[in-house]
Structures are given as structure tokens and as C-alpha cells.
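*Asks:* One structure, as C-alpha cells, below. Some questions next.
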Amino acid sequence: MPVPIRRLFVALTLCCALVAGATACGSGGQSSTKNTSAAAQAVPAADSPSPSTSAEHQKFAKTRFVANAALAAGATYQWIVKPWKAGKFKKGTKGRRLALIKAGAAGLFAYNRLKAAQRNAQGDPTLSKALAPLGAGIESLKGLAGKLRKGDDGAAGAFDDIIGQIKDAGRSAGAPVKEQVPTAAELTKG
């Protein structure tokens, strides 16, 4: 049974995005820090905007937290929760493979954005306290693609629960999070 070229192209593109996202998430720890510090040294201090007071630093931390958490929530809802509720991850369902590829890419993206939101929250004492108990839950999201592939329906529900808890923590800290679906370019950049 021949497969349309367009479907193959979409699957190949998503697979490449998955691999690129995984390598960017996995190996970028030390080298990106060195590149960032080198870039920061190359730019004079007067040219780089930075908050001058701790109140401004906290405000920027909340803003960055909201942006990262909103992107994670949007990707989770669009490509993990909606297909899960529609039954796209069940074995034998038409379009399951593509749904799993999209969910894997969205899972990597959302995990990356949640880790960034967690780092942003450390700049604000209220957010830091609200998100402290969620660290283990965020770490547990790493193996989502494998769990979905094996037919674990609870994996998508767990992702949805963690996103809900992060939204609640943000709301309690004065930083309400609204879902924002990332573009395809944002999804592939991570």
C-alpha cells in the first residue's frame, strides 16, 4: 500500500525535529553556558539591559515564568491532551504513529519549557515556594514518548495533571498562566 509523499515528508520533518530537540536538550548544558558567558563578556555592561532592583528582577522572573509555562501548556494541550482524549494513542487507531510523533516532539518541547519556567521561578520567592513540590513531577515527564508508545494511557493524563498543577501554582503566586500554542518553528527550536 503506497504512502502519500506529503505524509512521509511530515513524518520525516517531525522525526528530525525530535532528534534535534533531544540533542539540543541533552548535550547543551555546559557548552551553552560557556557560549552565553562569552557573549556576555563581549557585550559591554552598559549595552545589556538588566534589572537594577530586586523588584524588577522578580517582575521579569514572573514574566518569563508565565511565557515558558504558557508555551508548555499550549503544546501539551494541542498535541498530547487533545489526541489522548480523542483516542489517537490507542493501538490500531488510524493516524496513531503521526500522533505519537507529534506528542513526542511536543513532550520534549514542553519538558524543556517547564524546566526553563522552573529556573525562572527561582527569581521570585513566591513562585519558588509554589513550584518547589513540583520538581519531581516535572522530572517524571521525561519518558512520555516511550510510555505512550507502549500504550500507557496514564502518561498523557500525568502530563495534563502536572501542567494543571503548574497553572495552579502560578495563579497562587500571582502569575496566572494561559495556554499559548507554540508555532512549528518554536516547537522545533525547543
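Each chain in the C-alpha cells gets a letter, A, B, ..., in the order shown, and its residues are numbered from 1; ligands are numbered from 1 in order too.
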Find the spatial neighbours of Gln122 (chain A), counting only C-alpha atoms, within a cut-off of 10 Å - ignore same-chain residues fewer than 2 positions away - and output them as a list in words.

*Replies:*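 Here the qualifying residues turn out to be Gln58, Ala61, Lys62, Phe65, Ala117, Gln118, Arg119, Asn120, Asp124, Pro125, Thr126, Leu127, Ser128, Lys129, Leu131 and Ala132 of chain A.
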
*Asks:* Using only C-alpha atoms, which residues of region 107-183 of chain A come within 10 Å of region 82-100 of chain A, and what is the closest atom pair for each, with the distance in Å to one decimal? Give it as JSON lines, sorted by chain and residue number.

*Replies:*
{"residue": "A:Leu144", "atom": "CA", "partner": "A:Leu100", "partner_atom": "CA", "distance": 10.0}
{"residue": "A:Ala145", "atom": "CA", "partner": "A:Leu100", "partner_atom": "CA", "distance": 7.1}
{"residue": "A:Gly146", "atom": "CA", "partner": "A:Leu100", "partner_atom": "CA", "distance": 9.5}
{"residue": "A:Leu148", "atom": "CA", "partner": "A:Phe89", "partner_atom": "CA", "distance": 6.8}
{"residue": "A:Arg149", "atom": "CA", "partner": "A:Leu100", "partner_atom": "CA", "distance": 7.0}
{"residue": "A:Lys150", "atom": "CA", "partner": "A:Lys91", "partner_atom": "CA", "distance": 8.9}
{"residue": "A:Gly151", "atom": "CA", "partner": "A:Lys90", "partner_atom": "CA", "distance": 6.4}
{"residue": "A:Asp152", "atom": "CA", "partner": "A:Phe89", "partner_atom": "CA", "distance": 8.9}
{"residue": "A:Asp153", "atom": "CA", "partner": "A:Trp84", "partner_atom": "CA", "distance": 7.7}
{"residue": "A:Gly154", "atom": "CA", "partner": "A:Trp84", "partner_atom": "CA", "distance": 9.7}
{"residue": "A:Ala155", "atom": "CA", "partner": "A:Trp84", "partner_atom": "CA", "distance": 9.6}
{"residue": "A:Ala156", "atom": "CA", "partner": "A:Trp84", "partner_atom": "CA", "distance": 6.6}
{"residue": "A:Gly157", "atom": "CA", "partner": "A:Trp84", "partner_atom": "CA", "distance": 8.3}

*Asks:* Quick one, how far is CA of Gly74 (chain A) from CA of Gly123 (chain A)?

*Replies:* 23.3 Å

*Asks:* Each residue of region 150-189 of chain A with at least one atom at most 9 Å from region 107-113 of chain A should appear once, together with its nearest atom pair and the corresponding distance in Å (one decimal); atoms considered: only C-alpha atoms; ordering: chain, then increasing residue number; output as CSV.

*Replies:*
residue,atom,partner,partner_atom,distance
A:Phe159,CA,A:Gly107,CA,8.5
A:Glu186,CA,A:Phe109,CA,8.6
A:Leu187,CA,A:Phe109,CA,6.0
A:Thr188,CA,A:Phe109,CA,7.9
A:Lys189,CA,A:Phe109,CA,8.3

*Asks:* If you count only C-alpha atoms, which residues fall within 6 Å of Ala70 (chain A), apart from same-chain ones fewer than 3 positions away, as a list of chain:residue names?

*Replies:*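 The neighbour list is A:Val66, A:Ala67, A:Ala73, A:Val177, A:Lys178, A:Glu179, A:Gln180.
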
*Asks:* From a backbone DSSP assignment, name each residue in region 111-157 of chain A labelled alpha helix (DSSP H), as a ChimeraX atom specification.

*Replies:* /A:111-121,125-131,135-139,144-149,154-157

*Asks:* Between A:Ala116, A:Ala173, A:Ala106, A:Ile101, which is the closest to Ala69 (chain A) once you count only C-alpha atoms?

*Replies:* A:Ala116

*Asks:* Set the distance at 8 Å and use only C-alpha atoms: which residues neighbour Ile138 (chain A) once local chain neighbours fewer than 6 positions away are removed? I'd like the list as number ranges by chain.

*Replies:* A: 111, 114-115, 162

*Asks:* Would you mind exporting the chosen residues as an mmCIF file, in the first residue's frame, restricted to N, CA, C and O atoms?

*Replies:*
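Wrote it out as selection.cif, contents follow:
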data_model
loop_
_atom_site.group_PDB
_atom_site.id
_atom_site.type_symbol
_atom_site.label_atom_id
_atom_site.label_comp_id
_atom_site.auth_asym_id
_atom_site.auth_seq_id
_atom_site.Cartn_x
_atom_site.Cartn_y
_atom_site.Cartn_z
ATOM 1 N N TYR A 111 8.646 19.764 28.122
ATOM 2 C CA TYR A 111 9.594 19.475 29.204
ATOM 3 C C TYR A 111 10.677 20.557 29.260
ATOM 4 O O TYR A 111 11.004 21.073 30.331
ATOM 5 N N LEU A 114 9.125 23.708 30.639
ATOM 6 C CA LEU A 114 8.834 23.590 32.071
ATOM 7 C C LEU A 114 10.106 23.716 32.901
ATOM 8 O O LEU A 114 10.082 24.318 33.980
ATOM 9 N N LYS A 115 11.199 23.153 32.406
ATOM 10 C CA LYS A 115 12.481 23.308 33.121
ATOM 11 C C LYS A 115 12.896 24.783 33.123
ATOM 12 O O LYS A 115 13.391 25.291 34.128
ATOM 13 N N ILE A 162 0.328 17.557 35.664
ATOM 14 C CA ILE A 162 1.468 18.410 36.020
ATOM 15 C C ILE A 162 1.256 19.830 35.493
ATOM 16 O O ILE A 162 1.496 20.812 36.199
#

*Asks:* How many Å separate CA of Asp160 (chain A) from CA of Thr76 (chain A)?

*Replies:*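 Taking CA of Asp160 (chain A) as the start and CA of Thr76 (chain A) as the end point, the length is 7.1 Å.
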